[in-house]
$ cat my_file.cif   # mmCIF, C-alpha atoms and all ligand atoms; chains and numbers go by the auth columns
data_entry
#
loop_
_atom_site.group_PDB
_atom_site.id
_atom_site.type_symbol
_atom_site.label_atom_id
_atom_site.label_comp_id
_atom_site.label_asym_id
_atom_site.label_seq_id
_atom_site.Cartn_x
_atom_site.Cartn_y
_atom_site.Cartn_z
_atom_site.B_iso_or_equiv
_atom_site.auth_seq_id
_atom_site.auth_asym_id
ATOM 1 C CA MET A 1 12.829 -80.974 -86.542 0.00 447 A
ATOM 2 C CA ASP A 2 11.947 -83.164 -89.517 0.00 448 A
ATOM 3 C CA VAL A 3 8.319 -82.823 -90.595 0.00 449 A
ATOM 4 C CA THR A 4 6.862 -85.254 -93.114 0.00 450 A
ATOM 5 C CA MET A 5 3.449 -84.932 -94.709 0.00 451 A
ATOM 6 C CA ASN A 6 1.690 -86.103 -97.826 0.00 452 A
ATOM 7 C CA ILE A 7 1.015 -83.127 -100.074 0.00 453 A
ATOM 8 C CA ASN A 8 -1.259 -83.664 -103.063 0.00 454 A
ATOM 9 C CA GLY A 9 -0.354 -87.359 -103.062 0.00 455 A
ATOM 10 C CA GLU A 10 3.379 -86.945 -102.606 0.00 456 A
ATOM 11 C CA GLU A 11 5.311 -87.575 -99.393 0.00 457 A
ATOM 12 C CA VAL A 12 7.620 -84.686 -98.483 0.00 458 A
ATOM 13 C CA THR A 13 9.993 -84.125 -95.579 0.00 459 A
ATOM 14 C CA ARG A 14 11.690 -80.908 -94.552 0.00 460 A
ATOM 15 C CA ASP A 15 13.883 -79.966 -91.615 0.00 461 A
ATOM 16 C CA ILE A 16 12.176 -76.906 -90.113 0.00 462 A
ATOM 17 C CA GLU A 17 11.987 -74.827 -86.967 0.00 463 A
ATOM 18 C CA PRO A 18 9.160 -76.084 -84.738 0.00 464 A
ATOM 19 C CA ARG A 19 7.426 -72.674 -84.917 0.00 465 A
ATOM 20 C CA THR A 20 7.064 -72.856 -88.719 0.00 466 A
ATOM 21 C CA LEU A 21 3.506 -72.279 -89.890 0.00 467 A
ATOM 22 C CA LEU A 22 1.999 -74.545 -92.518 0.00 468 A
ATOM 23 C CA VAL A 23 1.630 -71.638 -94.962 0.00 469 A
ATOM 24 C CA HIS A 24 5.375 -70.947 -94.725 0.00 470 A
ATOM 25 C CA TYR A 25 6.235 -74.635 -94.969 0.00 471 A
ATOM 26 C CA LEU A 26 4.320 -74.747 -98.249 0.00 472 A
ATOM 27 C CA ARG A 27 5.497 -71.451 -99.678 0.00 473 A
ATOM 28 C CA ASP A 28 9.037 -71.073 -98.348 0.00 474 A
ATOM 29 C CA ASN A 29 10.222 -74.641 -97.793 0.00 475 A
ATOM 30 C CA LEU A 30 8.497 -76.261 -100.764 0.00 476 A
ATOM 31 C CA GLY A 31 8.097 -73.308 -103.149 0.00 477 A
ATOM 32 C CA MET A 32 4.354 -74.004 -103.431 0.00 478 A
ATOM 33 C CA THR A 33 3.212 -70.415 -103.737 0.00 479 A
ATOM 34 C CA GLY A 34 -0.310 -71.218 -104.886 0.00 480 A
ATOM 35 C CA THR A 35 -1.394 -70.932 -101.263 0.00 481 A
ATOM 36 C CA HIS A 36 -1.437 -67.234 -100.466 0.00 482 A
ATOM 37 C CA TRP A 37 -0.602 -65.478 -97.223 0.00 483 A
ATOM 38 C CA GLY A 38 -2.706 -62.398 -96.595 0.00 484 A
ATOM 39 C CA CYS A 39 -3.219 -61.396 -93.003 0.00 485 A
ATOM 40 C CA ASP A 40 -1.627 -63.804 -90.531 0.00 486 A
ATOM 41 C CA THR A 41 -4.551 -63.160 -88.181 0.00 487 A
ATOM 42 C CA SER A 42 -6.976 -65.815 -89.431 0.00 488 A
ATOM 43 C CA ASN A 43 -9.235 -63.242 -91.054 0.00 489 A
ATOM 44 C CA CYS A 44 -8.795 -63.318 -94.826 0.00 490 A
ATOM 45 C CA GLY A 45 -8.918 -67.035 -95.670 0.00 491 A
ATOM 46 C CA THR A 46 -6.635 -66.864 -98.683 0.00 492 A
ATOM 47 C CA CYS A 47 -4.355 -69.422 -97.010 0.00 493 A
ATOM 48 C CA VAL A 48 -6.979 -72.191 -96.808 0.00 494 A
ATOM 49 C CA VAL A 49 -5.716 -75.713 -97.585 0.00 495 A
ATOM 50 C CA TRP A 50 -7.116 -79.080 -96.592 0.00 496 A
ATOM 51 C CA VAL A 51 -5.720 -81.295 -93.847 0.00 497 A
ATOM 52 C CA ASP A 52 -7.233 -84.776 -94.013 0.00 498 A
ATOM 53 C CA GLY A 53 -10.052 -83.414 -96.171 0.00 499 A
ATOM 54 C CA GLU A 54 -10.966 -80.516 -93.870 0.00 500 A
ATOM 55 C CA PRO A 55 -10.332 -76.904 -94.874 0.00 501 A
ATOM 56 C CA VAL A 56 -7.970 -75.171 -92.433 0.00 502 A
ATOM 57 C CA LYS A 57 -6.294 -71.780 -92.370 0.00 503 A
ATOM 58 C CA SER A 58 -2.652 -72.618 -92.917 0.00 504 A
ATOM 59 C CA CYS A 59 -1.514 -69.330 -91.346 0.00 505 A
ATOM 60 C CA THR A 60 -2.741 -70.505 -87.972 0.00 506 A
ATOM 61 C CA THR A 61 -1.705 -74.151 -88.269 0.00 507 A
ATOM 62 C CA LEU A 62 1.794 -75.240 -87.327 0.00 508 A
ATOM 63 C CA ALA A 63 3.459 -77.340 -90.007 0.00 509 A
ATOM 64 C CA ALA A 64 4.320 -79.832 -87.277 0.00 510 A
ATOM 65 C CA MET A 65 0.579 -80.295 -86.591 0.00 511 A
ATOM 66 C CA ALA A 66 0.125 -81.378 -90.206 0.00 512 A
ATOM 67 C CA GLY A 67 2.986 -83.863 -89.882 0.00 513 A
ATOM 68 C CA GLY A 68 1.810 -87.379 -90.738 0.00 514 A
ATOM 69 C CA HIS A 69 -1.363 -86.047 -92.355 0.00 515 A
ATOM 70 C CA ASP A 70 -2.672 -85.591 -95.902 0.00 516 A
ATOM 71 C CA VAL A 71 -2.545 -82.013 -97.111 0.00 517 A
ATOM 72 C CA ARG A 72 -4.216 -80.810 -100.290 0.00 518 A
ATOM 73 C CA THR A 73 -3.430 -77.444 -101.788 0.00 519 A
ATOM 74 C CA VAL A 74 -4.731 -75.500 -104.755 0.00 520 A
ATOM 75 C CA GLU A 75 -1.928 -77.032 -106.846 0.00 521 A
ATOM 76 C CA GLY A 76 -3.625 -80.403 -106.307 0.00 522 A
ATOM 77 C CA MET A 77 -6.991 -79.343 -107.720 0.00 523 A
ATOM 78 C CA GLU A 78 -6.063 -79.979 -111.328 0.00 524 A
ATOM 79 C CA VAL A 79 -5.743 -83.705 -112.020 0.00 525 A
ATOM 80 C CA ASP A 80 -3.967 -85.085 -115.114 0.00 526 A
ATOM 81 C CA GLY A 81 -4.268 -81.730 -116.879 0.00 527 A
ATOM 82 C CA GLU A 82 -8.030 -81.504 -116.201 0.00 528 A
ATOM 83 C CA LEU A 83 -9.209 -78.485 -114.292 0.00 529 A
ATOM 84 C CA ASP A 84 -11.515 -79.079 -111.366 0.00 530 A
ATOM 85 C CA PRO A 85 -15.041 -77.815 -112.177 0.00 531 A
ATOM 86 C CA VAL A 86 -14.548 -75.199 -109.451 0.00 532 A
ATOM 87 C CA GLN A 87 -11.529 -73.851 -111.320 0.00 533 A
ATOM 88 C CA GLU A 88 -13.510 -73.889 -114.554 0.00 534 A
ATOM 89 C CA GLY A 89 -16.375 -72.081 -112.846 0.00 535 A
ATOM 90 C CA PHE A 90 -14.070 -69.272 -111.705 0.00 536 A
ATOM 91 C CA ILE A 91 -12.889 -68.883 -115.302 0.00 537 A
ATOM 92 C CA GLN A 92 -16.360 -69.080 -116.851 0.00 538 A
ATOM 93 C CA CYS A 93 -18.042 -66.710 -114.405 0.00 539 A
ATOM 94 C CA HIS A 94 -15.147 -64.297 -113.805 0.00 540 A
ATOM 95 C CA GLY A 95 -14.860 -65.315 -110.154 0.00 541 A
ATOM 96 C CA LEU A 96 -11.629 -63.398 -109.748 0.00 542 A
ATOM 97 C CA GLN A 97 -10.083 -60.055 -110.463 0.00 543 A
ATOM 98 C CA CYS A 98 -6.681 -59.704 -108.768 0.00 544 A
ATOM 99 C CA GLY A 99 -6.786 -63.391 -107.812 0.00 545 A
ATOM 100 C CA PHE A 100 -5.337 -62.959 -104.346 0.00 546 A
ATOM 101 C CA CYS A 101 -8.290 -64.522 -102.537 0.00 547 A
ATOM 102 C CA THR A 102 -8.839 -67.183 -105.210 0.00 548 A
ATOM 103 C CA PRO A 103 -6.803 -70.171 -103.935 0.00 549 A
ATOM 104 C CA GLY A 104 -8.556 -70.164 -100.566 0.00 550 A
ATOM 105 C CA MET A 105 -11.956 -69.496 -102.135 0.00 551 A
ATOM 106 C CA MET A 106 -11.551 -72.455 -104.470 0.00 552 A
ATOM 107 C CA MET A 107 -10.382 -74.833 -101.739 0.00 553 A
ATOM 108 C CA THR A 108 -13.370 -73.872 -99.593 0.00 554 A
ATOM 109 C CA ALA A 109 -15.720 -74.162 -102.567 0.00 555 A
ATOM 110 C CA ARG A 110 -14.429 -77.653 -103.384 0.00 556 A
ATOM 111 C CA ALA A 111 -14.967 -78.747 -99.780 0.00 557 A
ATOM 112 C CA LEU A 112 -18.504 -77.319 -99.856 0.00 558 A
ATOM 113 C CA LEU A 113 -19.456 -79.132 -103.072 0.00 559 A
ATOM 114 C CA ASP A 114 -18.024 -82.408 -101.763 0.00 560 A
ATOM 115 C CA ARG A 115 -20.413 -82.335 -98.808 0.00 561 A
ATOM 116 C CA ASN A 116 -23.302 -80.455 -100.452 0.00 562 A
ATOM 117 C CA PRO A 117 -23.440 -80.947 -104.247 0.00 563 A
ATOM 118 C CA ASP A 118 -26.332 -78.506 -104.732 0.00 564 A
ATOM 119 C CA PRO A 119 -25.781 -75.552 -102.420 0.00 565 A
ATOM 120 C CA SER A 120 -28.106 -72.563 -102.453 0.00 566 A
ATOM 121 C CA GLU A 121 -26.724 -69.057 -102.780 0.00 567 A
ATOM 122 C CA ALA A 122 -27.167 -68.602 -99.024 0.00 568 A
ATOM 123 C CA GLU A 123 -25.244 -71.804 -98.305 0.00 569 A
ATOM 124 C CA ILE A 124 -22.415 -70.726 -100.601 0.00 570 A
ATOM 125 C CA ARG A 125 -22.259 -67.322 -98.953 0.00 571 A
ATOM 126 C CA GLU A 126 -22.144 -68.951 -95.534 0.00 572 A
ATOM 127 C CA ALA A 127 -19.385 -71.367 -96.626 0.00 573 A
ATOM 128 C CA ILE A 128 -17.158 -68.531 -97.842 0.00 574 A
ATOM 129 C CA SER A 129 -18.032 -66.194 -94.986 0.00 575 A
ATOM 130 C CA GLY A 130 -14.608 -66.757 -93.397 0.00 576 A
ATOM 131 C CA GLN A 131 -12.913 -65.376 -96.476 0.00 577 A
ATOM 132 C CA ILE A 132 -12.403 -61.882 -97.748 0.00 578 A
ATOM 133 C CA CYS A 133 -12.403 -60.684 -101.338 0.00 579 A
ATOM 134 C CA ARG A 134 -11.567 -57.027 -101.898 0.00 580 A
ATOM 135 C CA CYS A 135 -12.366 -57.000 -105.603 0.00 581 A
ATOM 136 C CA THR A 136 -15.410 -58.895 -106.770 0.00 582 A
ATOM 137 C CA GLY A 137 -18.197 -58.032 -104.355 0.00 583 A
ATOM 138 C CA TYR A 138 -18.642 -61.842 -104.085 0.00 584 A
ATOM 139 C CA ALA A 139 -21.449 -62.078 -106.670 0.00 585 A
ATOM 140 C CA THR A 140 -19.246 -63.643 -109.353 0.00 586 A
ATOM 141 C CA ILE A 141 -17.627 -65.964 -106.813 0.00 587 A
ATOM 142 C CA VAL A 142 -21.056 -67.274 -105.799 0.00 588 A
ATOM 143 C CA ARG A 143 -21.968 -67.642 -109.483 0.00 589 A
ATOM 144 C CA SER A 144 -18.729 -69.544 -110.154 0.00 590 A
ATOM 145 C CA ILE A 145 -19.451 -72.042 -107.398 0.00 591 A
ATOM 146 C CA ARG A 146 -23.041 -72.504 -108.627 0.00 592 A
ATOM 147 C CA TRP A 147 -21.651 -73.062 -112.149 0.00 593 A
ATOM 148 C CA ALA A 148 -19.366 -75.814 -110.818 0.00 594 A
ATOM 149 C CA ALA A 149 -22.254 -77.434 -108.932 0.00 595 A
ATOM 150 C CA GLN A 150 -24.426 -77.442 -112.058 0.00 596 A
ATOM 151 C CA LYS A 151 -21.628 -78.845 -114.202 0.00 597 A
ATOM 152 C CA GLU A 152 -21.055 -81.682 -111.733 0.00 598 A
ATOM 153 C CA GLN A 153 -24.785 -82.425 -111.590 0.00 599 A
ATOM 154 C CA ALA A 154 -24.959 -82.561 -115.391 0.00 600 A
ATOM 155 C CA THR A 155 -21.971 -84.917 -115.470 0.00 601 A
ATOM 156 C CA ARG A 156 -23.623 -87.203 -112.915 0.00 602 A
ATOM 157 C CA VAL A 157 -26.843 -87.319 -114.984 0.00 603 A
ATOM 158 C CA GLU A 158 -24.839 -88.190 -118.130 0.00 604 A
ATOM 159 C CA VAL A 159 -22.930 -90.955 -116.336 0.00 605 A
ATOM 160 C CA SER A 160 -26.075 -92.481 -114.820 0.00 606 A
ATOM 161 C CA ALA A 161 -27.849 -92.367 -118.225 0.00 607 A
ATOM 162 C CA SER A 162 -25.007 -94.135 -120.053 0.00 608 A
HETATM 163 S S1 LIG B . -3.400 -65.475 -94.239 0.00 1 B
HETATM 164 FE FE1 LIG B . -4.536 -66.999 -93.223 0.00 1 B
HETATM 165 S S2 LIG B . -6.475 -66.151 -92.838 0.00 1 B
HETATM 166 FE FE2 LIG B . -5.331 -64.550 -93.817 0.00 1 B
HETATM 167 S S1 LIG B . -10.202 -61.209 -106.583 0.00 2 B
HETATM 168 FE FE1 LIG B . -8.986 -59.706 -105.606 0.00 2 B
HETATM 169 S S2 LIG B . -9.245 -60.154 -103.491 0.00 2 B
HETATM 170 FE FE2 LIG B . -10.637 -61.497 -104.491 0.00 2 B
#

$ encode --input "my_file.cif" --output "structure tokens"
Amino acid sequence: MDVTMNINGEEVTRDIEPRTLLVHYLRDNLGMTGTHWGCDTSNCGTCVVWVDGEPVKSCTTLAAMAGGHDVRTVEGMEVDGELDPVQEGFIQCHGLQCGFCTPGMMMTARALLDRNPDPSEAEIREAISGQICRCTGYATIVRSIRWAAQKEQATRVEVSAS
């Protein structure tokens, strides 16, 4: 079957088997390997992408279900060569070691900051509770997301003062 979706602002169509999962559509059919595939059992969260602005686990979403919808992946975070503050935060605060969990963590973090621009540590920990990191112990991930929140707040203050 042909499945068409808008990915990071671009319309794409591929002829796929109906059972194809969204994570495989992205990685195998489109070569977009930024979205990782870790467990296939909906536990690790490294496969998180957005469908119509909502984070979903792409390993338990059929590509056909995303047909006709807007999908955003980690490749779409950077805009015109500018890193998203969440990406910057992960660099500044060492929010990754092996990096396997990072794409899903960053997509979830971006969704959190879009609905709650000033999350507490507890709120960040709750937001990423569906995701597993085997390396960092989570402290630097939480710090990275707080860093991004503070940077965005500072930018808002600058814009409103100018
Ligand atoms: S690969 Fe999707 S939750 Fe682990
Ligand atoms: S940085 Fe290695 S799993 Fe998170």

$ closest_atom_pairs --input "my_file.cif" --of "chain A" --to "ligand LIG 2 (chain B)" --cutoff "10 Å" --atoms "all atoms listed in the file" --output "Markdown table"
| residue | atom | partner | partner_atom | distance |
| --- | --- | --- | --- | --- |
| A:Gly484 | CA | B:LIG2 | S2 | 9.8 |
| A:Cys490 | CA | B:LIG2 | S2 | 9.2 |
| A:Thr492 | CA | B:LIG2 | S2 | 8.7 |
| A:His540 | CA | B:LIG2 | S1 | 9.3 |
| A:Gly541 | CA | B:LIG2 | S1 | 7.2 |
| A:Leu542 | CA | B:LIG2 | S1 | 4.1 |
| A:Gln543 | CA | B:LIG2 | S1 | 4.0 |
| A:Cys544 | CA | B:LIG2 | FE1 | 3.9 |
| A:Gly545 | CA | B:LIG2 | S1 | 4.2 |
| A:Phe546 | CA | B:LIG2 | S2 | 4.9 |
| A:Cys547 | CA | B:LIG2 | FE2 | 4.3 |
| A:Thr548 | CA | B:LIG2 | FE2 | 6.0 |
| A:Pro549 | CA | B:LIG2 | FE2 | 9.5 |
| A:Gly550 | CA | B:LIG2 | FE2 | 9.7 |
| A:Met551 | CA | B:LIG2 | FE2 | 8.4 |
| A:Gln577 | CA | B:LIG2 | FE2 | 9.2 |
| A:Ile578 | CA | B:LIG2 | S2 | 6.8 |
| A:Cys579 | CA | B:LIG2 | FE2 | 3.7 |
| A:Arg580 | CA | B:LIG2 | S2 | 4.2 |
| A:Cys581 | CA | B:LIG2 | FE1 | 4.3 |
| A:Thr582 | CA | B:LIG2 | S1 | 5.7 |
| A:Gly583 | CA | B:LIG2 | FE2 | 8.3 |
| A:Tyr584 | CA | B:LIG2 | FE2 | 8.0 |
| A:Thr586 | CA | B:LIG2 | S1 | 9.8 |
| A:Ile587 | CA | B:LIG2 | FE2 | 8.6 |

$ residues_around --input "my_file.cif" --residues "A:Gly513" --least-positions-apart "4" --cutoff "6 Å" --atoms "all atoms listed in the file" --output "PyMOL selection string"
chain A and resi 449-451

$ residues_near_ligand --input "my_file.cif" --ligand "ligand LIG 1 (chain B)" --cutoff "6 Å" --atoms "all atoms listed in the file" --output "PDB file with C-alpha atoms, in the coordinates of the input"
ATOM      1  CA  TRP A 483      -0.602 -65.478 -97.223  1.00  0.00           C
ATOM      2  CA  GLY A 484      -2.706 -62.398 -96.595  1.00  0.00           C
ATOM      3  CA  CYS A 485      -3.219 -61.396 -93.003  1.00  0.00           C
ATOM      4  CA  ASP A 486      -1.627 -63.804 -90.531  1.00  0.00           C
ATOM      5  CA  THR A 487      -4.551 -63.160 -88.181  1.00  0.00           C
ATOM      6  CA  SER A 488      -6.976 -65.815 -89.431  1.00  0.00           C
ATOM      7  CA  ASN A 489      -9.235 -63.242 -91.054  1.00  0.00           C
ATOM      8  CA  CYS A 490      -8.795 -63.318 -94.826  1.00  0.00           C
ATOM      9  CA  GLY A 491      -8.918 -67.035 -95.670  1.00  0.00           C
ATOM     10  CA  THR A 492      -6.635 -66.864 -98.683  1.00  0.00           C
ATOM     11  CA  CYS A 493      -4.355 -69.422 -97.010  1.00  0.00           C
ATOM     12  CA  LYS A 503      -6.294 -71.780 -92.370  1.00  0.00           C
ATOM     13  CA  SER A 504      -2.652 -72.618 -92.917  1.00  0.00           C
ATOM     14  CA  CYS A 505      -1.514 -69.330 -91.346  1.00  0.00           C
TER      15      CYS A 505
END

$ residues_near_point --input "my_file.cif" --point "(1.9, -84.9, -98.7)" --cutoff "10 Å" --atoms "all atoms listed in the file" --output "compact mmCIF listing (two decimals) with C-alpha atoms, in the coordinates of the input"
# COMPACT_ATOMS: atom_id res chain seq x y z
CA THR A 450 6.86 -85.25 -93.11
CA MET A 451 3.45 -84.93 -94.71
CA ASN A 452 1.69 -86.10 -97.83
CA ILE A 453 1.01 -83.13 -100.07
CA ASN A 454 -1.26 -83.66 -103.06
CA GLY A 455 -0.35 -87.36 -103.06
CA GLU A 456 3.38 -86.94 -102.61
CA GLU A 457 5.31 -87.58 -99.39
CA VAL A 458 7.62 -84.69 -98.48
CA THR A 459 9.99 -84.12 -95.58
CA VAL A 497 -5.72 -81.30 -93.85
CA ALA A 512 0.12 -81.38 -90.21
CA GLY A 513 2.99 -83.86 -89.88
CA GLY A 514 1.81 -87.38 -90.74
CA HIS A 515 -1.36 -86.05 -92.36
CA ASP A 516 -2.67 -85.59 -95.90
CA VAL A 517 -2.54 -82.01 -97.11
CA ARG A 518 -4.22 -80.81 -100.29
CA THR A 519 -3.43 -77.44 -101.79

$ closest_residue --input "my_file.cif" --among "A:Leu558, A:Ile462, A:Met552, A:Ala594" --to "A:Asn475" --atoms "only C-alpha atoms"
A:Ile462

$ atom_distance --input "my_file.cif" --atom1 "atom CA of A:Met523" --atom2 "atom CA of A:Ser590"
15.5 Å

$ decode --input "my_file.cif" --residues "stretch 501-574 of chain A" --atoms "C-alpha atoms" --output "short mmCIF file (atom, residue, chain, number, x, y, z; two decimals), in the first residue's frame"
data_model
loop_
_atom_site.label_atom_id
_atom_site.label_comp_id
_atom_site.auth_asym_id
_atom_site.auth_seq_id
_atom_site.Cartn_x
_atom_site.Cartn_y
_atom_site.Cartn_z
CA PRO A 501 4.97 12.24 21.16
CA VAL A 502 4.35 8.61 20.20
CA LYS A 503 6.46 5.47 20.31
CA SER A 504 7.08 4.73 16.66
CA CYS A 505 7.81 1.05 17.38
CA THR A 506 4.20 0.51 18.33
CA THR A 507 2.61 2.74 15.70
CA LEU A 508 1.86 1.40 12.24
CA ALA A 509 3.18 3.63 9.47
CA ALA A 510 -0.27 3.43 7.90
CA MET A 511 -1.74 5.04 11.05
CA ALA A 512 0.53 8.03 10.50
CA GLY A 513 -0.60 8.29 6.87
CA GLY A 514 -2.04 11.74 6.17
CA HIS A 515 -0.55 13.15 9.37
CA ASP A 516 2.37 15.42 10.28
CA VAL A 517 5.35 13.57 11.68
CA ARG A 518 8.31 15.28 13.31
CA THR A 519 11.52 13.44 14.00
CA VAL A 520 14.79 14.35 15.67
CA GLU A 521 16.14 15.34 12.24
CA GLY A 522 13.55 18.13 12.23
CA MET A 523 14.69 19.70 15.50
CA GLU A 524 17.45 21.76 13.94
CA VAL A 525 16.01 24.59 11.84
CA ASP A 526 18.09 26.50 9.26
CA GLY A 527 21.32 25.31 10.86
CA GLU A 528 20.24 26.45 14.35
CA LEU A 529 20.13 23.81 17.02
CA ASP A 530 17.02 23.60 19.13
CA PRO A 531 17.75 24.76 22.71
CA VAL A 532 17.06 21.18 23.83
CA GLN A 533 19.86 19.95 21.58
CA GLU A 534 22.13 22.69 22.89
CA GLY A 535 21.23 21.75 26.46
CA PHE A 536 22.25 18.13 25.88
CA ILE A 537 25.60 19.36 24.58
CA GLN A 538 26.15 21.93 27.34
CA CYS A 539 25.16 19.66 30.22
CA HIS A 540 26.51 16.35 28.88
CA GLY A 541 23.02 14.86 28.61
CA LEU A 542 24.32 11.86 26.71
CA GLN A 543 27.01 9.25 26.82
CA CYS A 544 26.42 6.53 24.21
CA GLY A 545 23.59 8.60 22.71
CA PHE A 546 21.26 5.69 22.07
CA CYS A 547 18.40 7.07 24.16
CA THR A 548 19.02 10.67 23.08
CA PRO A 549 16.69 11.12 20.06
CA GLY A 550 13.64 9.99 22.02
CA MET A 551 14.69 11.93 25.12
CA MET A 552 15.03 15.12 23.10
CA MET A 553 11.70 14.71 21.31
CA THR A 554 9.96 14.17 24.64
CA ALA A 555 11.81 17.10 26.20
CA ARG A 556 10.78 19.40 23.35
CA ALA A 557 7.14 18.37 23.76
CA LEU A 558 7.37 19.00 27.51
CA LEU A 559 8.82 22.50 27.11
CA ASP A 560 6.20 23.39 24.49
CA ARG A 561 3.41 22.74 26.99
CA ASN A 562 5.28 23.66 30.19
CA PRO A 563 8.08 26.21 29.61
CA ASP A 564 9.32 26.08 33.22
CA PRO A 565 9.15 22.48 34.40
CA SER A 566 10.42 21.47 37.82
CA GLU A 567 12.86 18.60 38.19
CA ALA A 568 9.97 16.36 39.26
CA GLU A 569 7.96 17.32 36.18
CA ILE A 570 10.92 16.60 33.91
CA ARG A 571 11.48 13.24 35.56
CA GLU A 572 7.81 12.39 35.13
CA ALA A 573 7.86 13.44 31.45
CA ILE A 574 10.81 11.17 30.66
#
